[in-house]
Amino acid sequence: MRPIDRAWVHAAVQALTADANRSADTHLLRLPLPVPAESGASAPQVTVYLKDESTHPTGSLKHRLARSLFLYGICNGLIGPGTTIVEASSGSTAISEAHVAAMLGLPFVAVMARTTSPEKVALIEREGGRAHLVDDPGEVYDVARRLAAECDGHYLDQFTNAARATDWRGNNNIAESIFTQLALEPHPVPEWIVVGAGTGGTSATIGRYLRYRGYDTALAVVDPEGSAFLPAFAGEEAPSARGSRIEGIGRPRVEPSFEPGVVDRMLGIPDAASVAAMRFLAARFGRRSGPSTGTNLYGALYLACELVAAGRSGSIVSLVCDGTERYDASVNDDAWLAAQGLDPAPYADIVERAWATGVWGG
Ligand SMILES: *Cc1c(COP(=O)(O)O)cnc(C)c1O
């Protein structure tokens with residue numbers, strides 16, 4: 001047992017609360033689908049909103065998770081002065097956690113697949129963390145657990161604890177914030193909230209909140225190629241899901257924080273479609289995001305067209321998960337796309353058409 005140092009715990013919780021107190025809420029960006037001129041005043045009006053989680057101090061939605069995981073560890077007596085913090089991460093989480101660890105004066109080690117973008121590794125190191133790279137992405141969990149045990153440290157274990165560490169009933173979580181920000185919109189209760197799943201924590205928090213507050217909003221999870229989440233949701237065997245090329249979402253195994261019981265629908269999104277939608281968002285709205293945001297937008301546009309086809313108006317909410325600057329060596333590099341066999345062009349046509357006409361299809 002670690003002896004509890006109450007003065008340290010108090011100061012650490014205070015530091016995390018102060019970080020939250022210094023932060024502004026993230027913007028809810030409005031993207032009204034244009035109403036085609038010939039369709040008249042009674043045409044369905046659908047608005048897509050994107051909550052811009054790239055504006056957190058560490059650049060992604062993982063800033064919220066990092067705060068929550070540290071608070072959870074500290075308040076459970078698992079993190080004290082000098083505790084080495086270890087995490088298994090595809091990158092974004094580790095960047096945010098390295099930032100929080102440095103804020104609390106704790107050493108931080110991120111265990112990551114060797115394929116993680118060099119930009120992300122550099123960001124972790126800039127935040128004062130250390131990267132421990134492994135060849136087999138399936139190994140990150142065991143290696144992280146072992147490293148933590150060896151130095152009497154604490155394995156944050158985002159994939160298990162994301163859904164536990166977040167206050168899903170409210171407390172300014174992402175779901176409560178979305179509904180507060182929608183309050184004065186024409187359709188303040190969205191038809192859909194659309195998110196991807198990495199840990200599954202964001203979808204679990206939003207899905208639970210919808211039920212807790214009695215909203216009729218449905219939750220859609222968009223999933224990239226190679227992920228184990230969608231086959232599991234569909235009740236299919238997926239013995240060898242290879243993991244995802246869309247960083248941050250899609251996992252080779254169904255993570256414990258993924259709660260299928262609160263998900264109303266899952267949509268499989270081709271990786272090239274995610275890239276096309278990401279580029280569309282940058283070109284049309286100047287919002288330069290990462291590829292998982294493209295996955296979100298592609299799914300949101302699909303559901304928007306479905307509403308239009310049903311003659312219904314409403315709002316759809318999704319997220320900007322992070323910015324584009326982390327992906328210069330992957331989706332922003334045409335040579336990388338070609339080597340991966342990814343051609344966004346056909347999907348770019350679908351996205352443009354969906355946007356301009358509200359009609360889905362190539
Ligand atoms: C983690 C992450 C997600 C998915 O969020 P979860 O809450 O972990 O499911 C999406 N996009 C990016 C860039 C991420 O880092």
# chains A, B, ... in the order shown; residues from 1 in each chain; ligands from 1
>>> residues_around(residues="segment 343-351 of chain A", least_positions_apart="2", cutoff="6 Å", atoms="only C-alpha atoms", output="ChimeraX atom specification")
/A:272-273,276,353-354,361-362
>>> write_last_selection(atoms="C-alpha atoms", output="PDB file, in the first residue's frame")
ATOM      1  CA  ALA A 272     -10.707   7.001 -47.957  1.00  0.00           C
ATOM      2  CA  ALA A 273     -14.130   8.526 -47.163  1.00  0.00           C
ATOM      3  CA  ALA A 276     -12.343  13.009 -48.239  1.00  0.00           C
ATOM      4  CA  ARG A 353     -23.173  16.217 -53.534  1.00  0.00           C
ATOM      5  CA  ALA A 354     -24.542  15.439 -50.068  1.00  0.00           C
ATOM      6  CA  GLY A 361     -25.079   8.604 -53.320  1.00  0.00           C
ATOM      7  CA  GLY A 362     -22.372   8.640 -55.959  1.00  0.00           C
TER       8      GLY A 362
END
>>> residues_near_ligand(ligand="ligand 1", cutoff="6 Å", atoms="only C-alpha atoms and all ligand atoms", output="list in words")
Lys62, Ser92, Gly196, Ala197, Gly198, Thr199, Gly200, Gly201, Thr202, Gly248, Ile249, Ser292, Cys321 and Asp322 of chain A
>>> closest_atom_pairs(of="segment 122-202 of chain A", to="segment 25-28 of chain A", cutoff="8 Å", atoms="only C-alpha atoms", output="JSON lines")
{"residue": "A:Ser177", "atom": "CA", "partner": "A:Asp25", "partner_atom": "CA", "distance": 7.8}
{"residue": "A:Ile178", "atom": "CA", "partner": "A:Leu28", "partner_atom": "CA", "distance": 7.4}
{"residue": "A:Gln181", "atom": "CA", "partner": "A:Leu28", "partner_atom": "CA", "distance": 6.9}
>>> select_by_dssp(residues="segment 132-344 of chain A", states="helix (DSSP H, G or I)", output="PyMOL selection string")
chain A and resi 137-150+158-165+174-182+201-212+229-233+260-262+271-285+291-309+324-327+334-339
>>> residues_around(residues="segment 303-309 of chain A", least_positions_apart="5", cutoff="9 Å", atoms="only C-alpha atoms", output="list in words")
Leu33, Ala43, Pro44, Gln45, Val46, Thr47, Val48, Glu191, Trp192, Tyr298, Gly314, Ser315, Ile316, Ala354, Trp355, Thr357, Gly358, Val359 and Trp360 of chain A
>>> write_last_selection(atoms="all heavy atoms", output="short mmCIF file (atom, residue, chain, number, x, y, z; two decimals), in the first residue's frame")
data_model
loop_
_atom_site.label_atom_id
_atom_site.label_comp_id
_atom_site.auth_asym_id
_atom_site.auth_seq_id
_atom_site.Cartn_x
_atom_site.Cartn_y
_atom_site.Cartn_z
N LEU A 33 -26.75 22.90 -43.57
CA LEU A 33 -26.83 22.30 -44.90
C LEU A 33 -27.57 23.28 -45.81
O LEU A 33 -28.65 23.74 -45.46
CB LEU A 33 -27.61 21.00 -44.80
CG LEU A 33 -27.14 19.77 -45.56
CD1 LEU A 33 -25.72 19.40 -45.17
CD2 LEU A 33 -28.07 18.59 -45.28
N ALA A 43 -39.01 22.82 -47.39
CA ALA A 43 -37.97 21.79 -47.48
C ALA A 43 -37.36 21.52 -46.10
O ALA A 43 -37.27 22.43 -45.28
CB ALA A 43 -36.89 22.25 -48.44
N PRO A 44 -36.99 20.28 -45.86
CA PRO A 44 -36.38 19.97 -44.57
C PRO A 44 -35.07 20.75 -44.38
O PRO A 44 -34.31 20.92 -45.34
CB PRO A 44 -36.11 18.47 -44.64
CG PRO A 44 -36.34 18.04 -46.04
CD PRO A 44 -37.13 19.11 -46.73
N GLN A 45 -34.87 21.25 -43.18
CA GLN A 45 -33.65 21.99 -42.89
C GLN A 45 -32.86 21.24 -41.84
O GLN A 45 -33.34 21.03 -40.72
CB GLN A 45 -34.00 23.38 -42.38
CG GLN A 45 -34.83 24.14 -43.39
CD GLN A 45 -34.70 25.64 -43.23
OE1 GLN A 45 -34.03 26.14 -42.34
NE2 GLN A 45 -35.38 26.36 -44.12
N VAL A 46 -31.68 20.83 -42.24
CA VAL A 46 -30.83 20.05 -41.34
C VAL A 46 -29.55 20.84 -41.08
O VAL A 46 -28.94 21.37 -42.00
CB VAL A 46 -30.49 18.68 -41.94
CG1 VAL A 46 -29.56 17.90 -41.02
CG2 VAL A 46 -31.77 17.88 -42.21
N THR A 47 -29.20 20.94 -39.82
CA THR A 47 -27.97 21.63 -39.45
C THR A 47 -27.03 20.64 -38.75
O THR A 47 -27.45 19.92 -37.84
CB THR A 47 -28.26 22.81 -38.51
OG1 THR A 47 -29.20 23.67 -39.15
CG2 THR A 47 -27.00 23.59 -38.20
N VAL A 48 -25.79 20.61 -39.24
CA VAL A 48 -24.78 19.79 -38.60
C VAL A 48 -23.94 20.71 -37.71
O VAL A 48 -23.53 21.79 -38.13
CB VAL A 48 -23.87 19.10 -39.65
CG1 VAL A 48 -22.72 18.37 -38.98
CG2 VAL A 48 -24.70 18.14 -40.51
N GLU A 191 -31.35 15.14 -33.50
CA GLU A 191 -31.81 13.81 -33.92
C GLU A 191 -30.71 12.78 -33.64
O GLU A 191 -30.99 11.67 -33.23
CB GLU A 191 -32.09 13.81 -35.43
CG GLU A 191 -33.22 14.73 -35.85
CD GLU A 191 -34.56 14.27 -35.31
OE1 GLU A 191 -34.83 13.05 -35.35
OE2 GLU A 191 -35.32 15.13 -34.83
N TRP A 192 -29.49 13.18 -33.94
CA TRP A 192 -28.34 12.28 -33.79
C TRP A 192 -27.17 12.99 -33.14
O TRP A 192 -26.94 14.16 -33.40
CB TRP A 192 -27.84 11.81 -35.18
CG TRP A 192 -28.76 10.90 -35.91
CD1 TRP A 192 -29.62 11.24 -36.92
CD2 TRP A 192 -28.89 9.48 -35.73
NE1 TRP A 192 -30.28 10.13 -37.35
CE2 TRP A 192 -29.86 9.03 -36.65
CE3 TRP A 192 -28.29 8.55 -34.87
CZ2 TRP A 192 -30.25 7.69 -36.74
CZ3 TRP A 192 -28.67 7.22 -34.97
CH2 TRP A 192 -29.64 6.80 -35.88
N TYR A 298 -18.37 12.47 -42.24
CA TYR A 298 -18.94 11.61 -43.29
C TYR A 298 -20.21 10.93 -42.76
O TYR A 298 -21.25 10.90 -43.44
CB TYR A 298 -17.91 10.57 -43.73
CG TYR A 298 -18.22 9.91 -45.04
CD1 TYR A 298 -17.92 10.53 -46.25
CD2 TYR A 298 -18.81 8.64 -45.08
CE1 TYR A 298 -18.21 9.91 -47.46
CE2 TYR A 298 -19.10 8.02 -46.29
CZ TYR A 298 -18.79 8.66 -47.48
OH TYR A 298 -19.06 8.05 -48.68
N GLY A 314 -33.98 18.96 -38.59
CA GLY A 314 -33.40 18.66 -37.28
C GLY A 314 -31.93 19.00 -37.23
O GLY A 314 -31.36 19.50 -38.20
N SER A 315 -31.34 18.70 -36.08
CA SER A 315 -29.92 18.95 -35.94
C SER A 315 -29.17 17.65 -35.68
O SER A 315 -29.73 16.67 -35.18
CB SER A 315 -29.65 19.98 -34.83
OG SER A 315 -30.24 19.58 -33.62
N ILE A 316 -27.92 17.66 -36.07
CA ILE A 316 -27.02 16.52 -35.88
C ILE A 316 -25.73 17.07 -35.30
O ILE A 316 -25.20 18.06 -35.81
CB ILE A 316 -26.73 15.80 -37.22
CG1 ILE A 316 -28.03 15.21 -37.78
CG2 ILE A 316 -25.68 14.70 -37.04
CD1 ILE A 316 -27.88 14.51 -39.13
N ALA A 354 -23.72 15.48 -51.28
CA ALA A 354 -24.54 15.44 -50.07
C ALA A 354 -24.69 16.84 -49.51
O ALA A 354 -25.78 17.28 -49.11
CB ALA A 354 -23.90 14.52 -49.03
N TRP A 355 -23.57 17.56 -49.50
CA TRP A 355 -23.60 18.91 -48.95
C TRP A 355 -24.49 19.83 -49.78
O TRP A 355 -25.33 20.56 -49.25
CB TRP A 355 -22.18 19.48 -48.87
CG TRP A 355 -22.22 20.81 -48.26
CD1 TRP A 355 -22.20 22.01 -48.89
CD2 TRP A 355 -22.40 21.09 -46.88
NE1 TRP A 355 -22.35 23.03 -47.98
CE2 TRP A 355 -22.48 22.48 -46.73
CE3 TRP A 355 -22.51 20.28 -45.74
CZ2 TRP A 355 -22.65 23.09 -45.50
CZ3 TRP A 355 -22.69 20.89 -44.52
CH2 TRP A 355 -22.75 22.26 -44.41
N THR A 357 -26.83 19.15 -52.12
CA THR A 357 -28.21 18.78 -52.48
C THR A 357 -28.98 18.08 -51.37
O THR A 357 -30.18 17.91 -51.45
CB THR A 357 -28.20 17.81 -53.69
OG1 THR A 357 -27.58 16.57 -53.27
CG2 THR A 357 -27.43 18.39 -54.86
N GLY A 358 -28.28 17.62 -50.33
CA GLY A 358 -28.96 16.85 -49.29
C GLY A 358 -29.30 15.45 -49.75
O GLY A 358 -30.10 14.75 -49.11
N VAL A 359 -28.71 15.04 -50.86
CA VAL A 359 -29.00 13.70 -51.40
C VAL A 359 -27.73 12.86 -51.33
O VAL A 359 -26.65 13.32 -51.73
CB VAL A 359 -29.50 13.78 -52.86
CG1 VAL A 359 -29.71 12.37 -53.43
CG2 VAL A 359 -30.80 14.58 -52.92
N TRP A 360 -27.86 11.66 -50.82
CA TRP A 360 -26.71 10.77 -50.69
C TRP A 360 -26.55 9.92 -51.96
O TRP A 360 -27.52 9.60 -52.62
CB TRP A 360 -26.90 9.84 -49.50
CG TRP A 360 -25.63 9.13 -49.15
CD1 TRP A 360 -25.31 7.84 -49.44
CD2 TRP A 360 -24.50 9.68 -48.46
NE1 TRP A 360 -24.05 7.55 -48.97
CE2 TRP A 360 -23.53 8.66 -48.38
CE3 TRP A 360 -24.20 10.94 -47.93
CZ2 TRP A 360 -22.29 8.86 -47.76
CZ3 TRP A 360 -22.99 11.13 -47.32
CH2 TRP A 360 -22.04 10.09 -47.26
#
>>> closest_atom_pairs(of="segment 113-137 of chain A", to="segment 99-109 of chain A", cutoff="12 Å", atoms="only C-alpha atoms", output="tab-separated table")
residue	atom	partner	partner_atom	distance
A:Val121	CA	A:Val109	CA	11.2
A:Leu123	CA	A:His99	CA	9.6
A:Ile124	CA	A:His99	CA	8.0
A:Glu125	CA	A:Val109	CA	9.7
A:Arg126	CA	A:His99	CA	8.9
A:Glu127	CA	A:His99	CA	5.2
A:Gly128	CA	A:Ala102	CA	6.4
A:Gly129	CA	A:Phe108	CA	4.9
A:Arg130	CA	A:Val109	CA	4.8
A:Ala131	CA	A:Val109	CA	5.8
A:His132	CA	A:Val109	CA	6.8
A:Leu133	CA	A:Val109	CA	10.2
>>> closest_residue(among="A:Tyr49, A:Ala282, A:Asp5, A:Ala356", to="Glu185 of chain A", atoms="only C-alpha atoms")
A:Tyr49
>>> closest_atom_pairs(of="segment 80-155 of chain A", to="segment 326-329 of chain A", cutoff="8 Å", atoms="only C-alpha atoms", output="tab-separated table")
residue	atom	partner	partner_atom	distance
A:Ser117	CA	A:Ala329	CA	6.6
A:Pro118	CA	A:Ala329	CA	7.6
A:Glu119	CA	A:Arg326	CA	5.5
A:Lys120	CA	A:Arg326	CA	6.3
>>> write_last_selection(atoms="C-alpha atoms", output="compact mmCIF listing (two decimals), in the first residue's frame")
# COMPACT_ATOMS: atom_id res chain seq x y z
CA SER A 117 3.17 9.35 -36.14
CA PRO A 118 6.55 10.97 -35.36
CA GLU A 119 4.69 14.25 -34.78
CA LYS A 120 2.83 12.66 -31.89
>>> closest_atom_pairs(of="segment 208-278 of chain A", to="segment 164-170 of chain A", cutoff="8 Å", atoms="only C-alpha atoms", output="tab-separated table")
residue	atom	partner	partner_atom	distance
A:Arg208	CA	A:Trp168	CA	6.4
A:Tyr209	CA	A:Arg169	CA	5.7
A:Tyr212	CA	A:Arg169	CA	6.9
A:Ser257	CA	A:Arg164	CA	7.6
>>> write_last_selection(atoms="C-alpha atoms", output="compact mmCIF listing (two decimals), in the first residue's frame")
# COMPACT_ATOMS: atom_id res chain seq x y z
CA ARG A 208 -25.52 7.36 -20.71
CA TYR A 209 -26.24 11.08 -20.45
CA TYR A 212 -30.20 9.84 -17.78
CA SER A 257 -14.90 1.27 -22.12
>>> select_by_dssp(residues="segment 175-344 of chain A", states="strand (DSSP E or B)", output="list in words")
Trp192, Ile193, Val194, Val195, Gly196, Ala218, Leu219, Ala220, Val221, Val222, Asp223, Arg265, Met266, Leu267, Gly268, Ser289, Gly314, Ser315, Ile316, Val317, Ser318, Leu319, Val320, Asp322 and Gly323 of chain A
>>> write_last_selection(atoms="N, CA, C and O atoms", output="short mmCIF file (atom, residue, chain, number, x, y, z; two decimals), in the first residue's frame")
data_model
loop_
_atom_site.label_atom_id
_atom_site.label_comp_id
_atom_site.auth_asym_id
_atom_site.auth_seq_id
_atom_site.Cartn_x
_atom_site.Cartn_y
_atom_site.Cartn_z
N TRP A 192 -29.49 13.18 -33.94
CA TRP A 192 -28.34 12.28 -33.79
C TRP A 192 -27.17 12.99 -33.14
O TRP A 192 -26.94 14.16 -33.40
N ILE A 193 -26.44 12.24 -32.33
CA ILE A 193 -25.07 12.62 -32.00
C ILE A 193 -24.18 11.54 -32.60
O ILE A 193 -24.46 10.33 -32.46
N VAL A 194 -23.15 11.96 -33.32
CA VAL A 194 -22.30 11.04 -34.08
C VAL A 194 -20.87 11.13 -33.55
O VAL A 194 -20.27 12.21 -33.57
N VAL A 195 -20.33 10.04 -33.07
CA VAL A 195 -18.94 10.03 -32.59
C VAL A 195 -18.25 8.74 -33.03
O VAL A 195 -18.91 7.73 -33.32
N GLY A 196 -16.92 8.77 -33.07
CA GLY A 196 -16.14 7.57 -33.26
C GLY A 196 -15.83 6.95 -31.91
O GLY A 196 -16.14 7.53 -30.86
N ALA A 218 -30.67 10.05 -30.72
CA ALA A 218 -30.05 8.74 -30.92
C ALA A 218 -28.53 8.91 -31.07
O ALA A 218 -28.06 9.94 -31.55
N LEU A 219 -27.80 7.89 -30.64
CA LEU A 219 -26.34 7.94 -30.69
C LEU A 219 -25.83 7.00 -31.79
O LEU A 219 -26.13 5.80 -31.79
N ALA A 220 -25.10 7.58 -32.74
CA ALA A 220 -24.47 6.78 -33.80
C ALA A 220 -22.97 6.75 -33.58
O ALA A 220 -22.36 7.79 -33.32
N VAL A 221 -22.38 5.58 -33.68
CA VAL A 221 -20.92 5.45 -33.62
C VAL A 221 -20.41 5.09 -35.01
O VAL A 221 -20.87 4.12 -35.62
N VAL A 222 -19.49 5.92 -35.52
CA VAL A 222 -18.88 5.66 -36.82
C VAL A 222 -17.57 4.92 -36.60
O VAL A 222 -16.82 5.22 -35.68
N ASP A 223 -17.32 3.93 -37.43
CA ASP A 223 -16.18 3.06 -37.20
C ASP A 223 -15.37 2.88 -38.49
O ASP A 223 -15.96 2.68 -39.56
N ARG A 265 -26.84 2.91 -33.17
CA ARG A 265 -26.52 2.50 -34.53
C ARG A 265 -25.03 2.67 -34.76
O ARG A 265 -24.43 3.58 -34.22
N MET A 266 -24.46 1.76 -35.56
CA MET A 266 -23.07 1.93 -35.97
C MET A 266 -22.98 2.00 -37.48
O MET A 266 -23.71 1.30 -38.18
N LEU A 267 -22.09 2.86 -37.96
CA LEU A 267 -21.88 3.01 -39.40
C LEU A 267 -20.41 2.73 -39.70
O LEU A 267 -19.53 3.35 -39.10
N GLY A 268 -20.15 1.81 -40.62
CA GLY A 268 -18.79 1.57 -41.07
C GLY A 268 -18.42 2.61 -42.12
O GLY A 268 -19.17 2.82 -43.07
N SER A 289 -8.71 19.61 -39.71
CA SER A 289 -8.84 18.61 -38.65
C SER A 289 -8.02 17.37 -38.94
O SER A 289 -7.39 17.25 -39.99
N GLY A 314 -33.98 18.96 -38.59
CA GLY A 314 -33.40 18.66 -37.28
C GLY A 314 -31.93 19.00 -37.23
O GLY A 314 -31.36 19.50 -38.20
N SER A 315 -31.34 18.70 -36.08
CA SER A 315 -29.92 18.95 -35.94
C SER A 315 -29.17 17.65 -35.68
O SER A 315 -29.73 16.67 -35.18
N ILE A 316 -27.92 17.66 -36.07
CA ILE A 316 -27.02 16.52 -35.88
C ILE A 316 -25.73 17.07 -35.30
O ILE A 316 -25.20 18.06 -35.81
N VAL A 317 -25.26 16.46 -34.23
CA VAL A 317 -24.05 16.96 -33.58
C VAL A 317 -22.92 15.94 -33.69
O VAL A 317 -23.14 14.74 -33.48
N SER A 318 -21.75 16.42 -34.03
CA SER A 318 -20.57 15.57 -34.01
C SER A 318 -19.38 16.38 -33.49
O SER A 318 -19.58 17.48 -32.95
N LEU A 319 -18.19 15.86 -33.64
CA LEU A 319 -17.02 16.48 -33.01
C LEU A 319 -15.89 16.72 -33.99
O LEU A 319 -15.66 15.92 -34.89
N VAL A 320 -15.16 17.82 -33.78
CA VAL A 320 -13.80 17.93 -34.30
C VAL A 320 -12.91 17.36 -33.20
O VAL A 320 -12.87 17.90 -32.10
N ASP A 322 -9.43 16.48 -33.27
CA ASP A 322 -8.11 17.10 -33.16
C ASP A 322 -7.78 17.83 -34.47
O ASP A 322 -8.58 17.81 -35.41
N GLY A 323 -6.62 18.50 -34.49
CA GLY A 323 -6.23 19.28 -35.65
C GLY A 323 -5.42 18.45 -36.63
O GLY A 323 -5.02 17.32 -36.34
#
>>> residues_around(residues="Asp142 of chain A", least_positions_apart="2", cutoff="12 Å", atoms="only C-alpha atoms", output="PyMOL selection string")
chain A and resi 86-88+111-112+134+136-140+144-149+155+157
>>> closest_residue(among="A:Leu61, A:Ile79, A:Ala66, A:Ser89", to="Thr293 of chain A", atoms="only C-alpha atoms")
A:Leu61
>>> atom_distance(atom1="atom CA of Ser60 of chain A", atom2="atom CA of Arg288 of chain A")
12.7 Å
>>> decode(residues="segment 163-174 of chain A", atoms="N, CA and C atoms", output="PDB file, in the first residue's frame")
ATOM      1  N   ALA A 163     -14.477   5.039 -19.471  1.00  0.00           N
ATOM      2  CA  ALA A 163     -15.914   5.094 -19.204  1.00  0.00           C
ATOM      3  C   ALA A 163     -16.212   5.176 -17.704  1.00  0.00           C
ATOM      4  N   ARG A 164     -15.240   4.806 -16.883  1.00  0.00           N
ATOM      5  CA  ARG A 164     -15.455   4.876 -15.429  1.00  0.00           C
ATOM      6  C   ARG A 164     -15.093   6.245 -14.878  1.00  0.00           C
ATOM      7  N   ALA A 165     -14.056   6.837 -15.443  1.00  0.00           N
ATOM      8  CA  ALA A 165     -13.466   8.031 -14.826  1.00  0.00           C
ATOM      9  C   ALA A 165     -14.238   9.298 -15.169  1.00  0.00           C
ATOM     10  N   THR A 166     -15.076   9.248 -16.201  1.00  0.00           N
ATOM     11  CA  THR A 166     -15.825  10.439 -16.620  1.00  0.00           C
ATOM     12  C   THR A 166     -17.164  10.499 -15.904  1.00  0.00           C
ATOM     13  N   ASP A 167     -17.488  11.669 -15.401  1.00  0.00           N
ATOM     14  CA  ASP A 167     -18.783  11.877 -14.728  1.00  0.00           C
ATOM     15  C   ASP A 167     -19.888  11.946 -15.780  1.00  0.00           C
ATOM     16  N   TRP A 168     -20.527  10.822 -16.044  1.00  0.00           N
ATOM     17  CA  TRP A 168     -21.482  10.797 -17.154  1.00  0.00           C
ATOM     18  C   TRP A 168     -22.788  11.508 -16.842  1.00  0.00           C
ATOM     19  N   ARG A 169     -23.078  11.768 -15.570  1.00  0.00           N
ATOM     20  CA  ARG A 169     -24.351  12.438 -15.266  1.00  0.00           C
ATOM     21  C   ARG A 169     -24.300  13.932 -15.600  1.00  0.00           C
ATOM     22  N   GLY A 170     -23.117  14.484 -15.746  1.00  0.00           N
ATOM     23  CA  GLY A 170     -23.037  15.912 -16.037  1.00  0.00           C
ATOM     24  C   GLY A 170     -21.695  16.460 -15.600  1.00  0.00           C
ATOM     25  N   ASN A 171     -21.692  17.485 -14.746  1.00  0.00           N
ATOM     26  CA  ASN A 171     -20.439  18.080 -14.276  1.00  0.00           C
ATOM     27  C   ASN A 171     -19.641  18.623 -15.462  1.00  0.00           C
ATOM     28  N   ASN A 172     -20.360  19.296 -16.346  1.00  0.00           N
ATOM     29  CA  ASN A 172     -19.742  19.881 -17.537  1.00  0.00           C
ATOM     30  C   ASN A 172     -18.995  18.850 -18.385  1.00  0.00           C
ATOM     31  N   ASN A 173     -19.508  17.644 -18.441  1.00  0.00           N
ATOM     32  CA  ASN A 173     -18.907  16.703 -19.397  1.00  0.00           C
ATOM     33  C   ASN A 173     -19.316  17.125 -20.808  1.00  0.00           C
ATOM     34  N   ILE A 174     -18.798  16.414 -21.795  1.00  0.00           N
ATOM     35  CA  ILE A 174     -19.003  16.853 -23.173  1.00  0.00           C
ATOM     36  C   ILE A 174     -20.486  16.836 -23.556  1.00  0.00           C
TER      37      ILE A 174
END
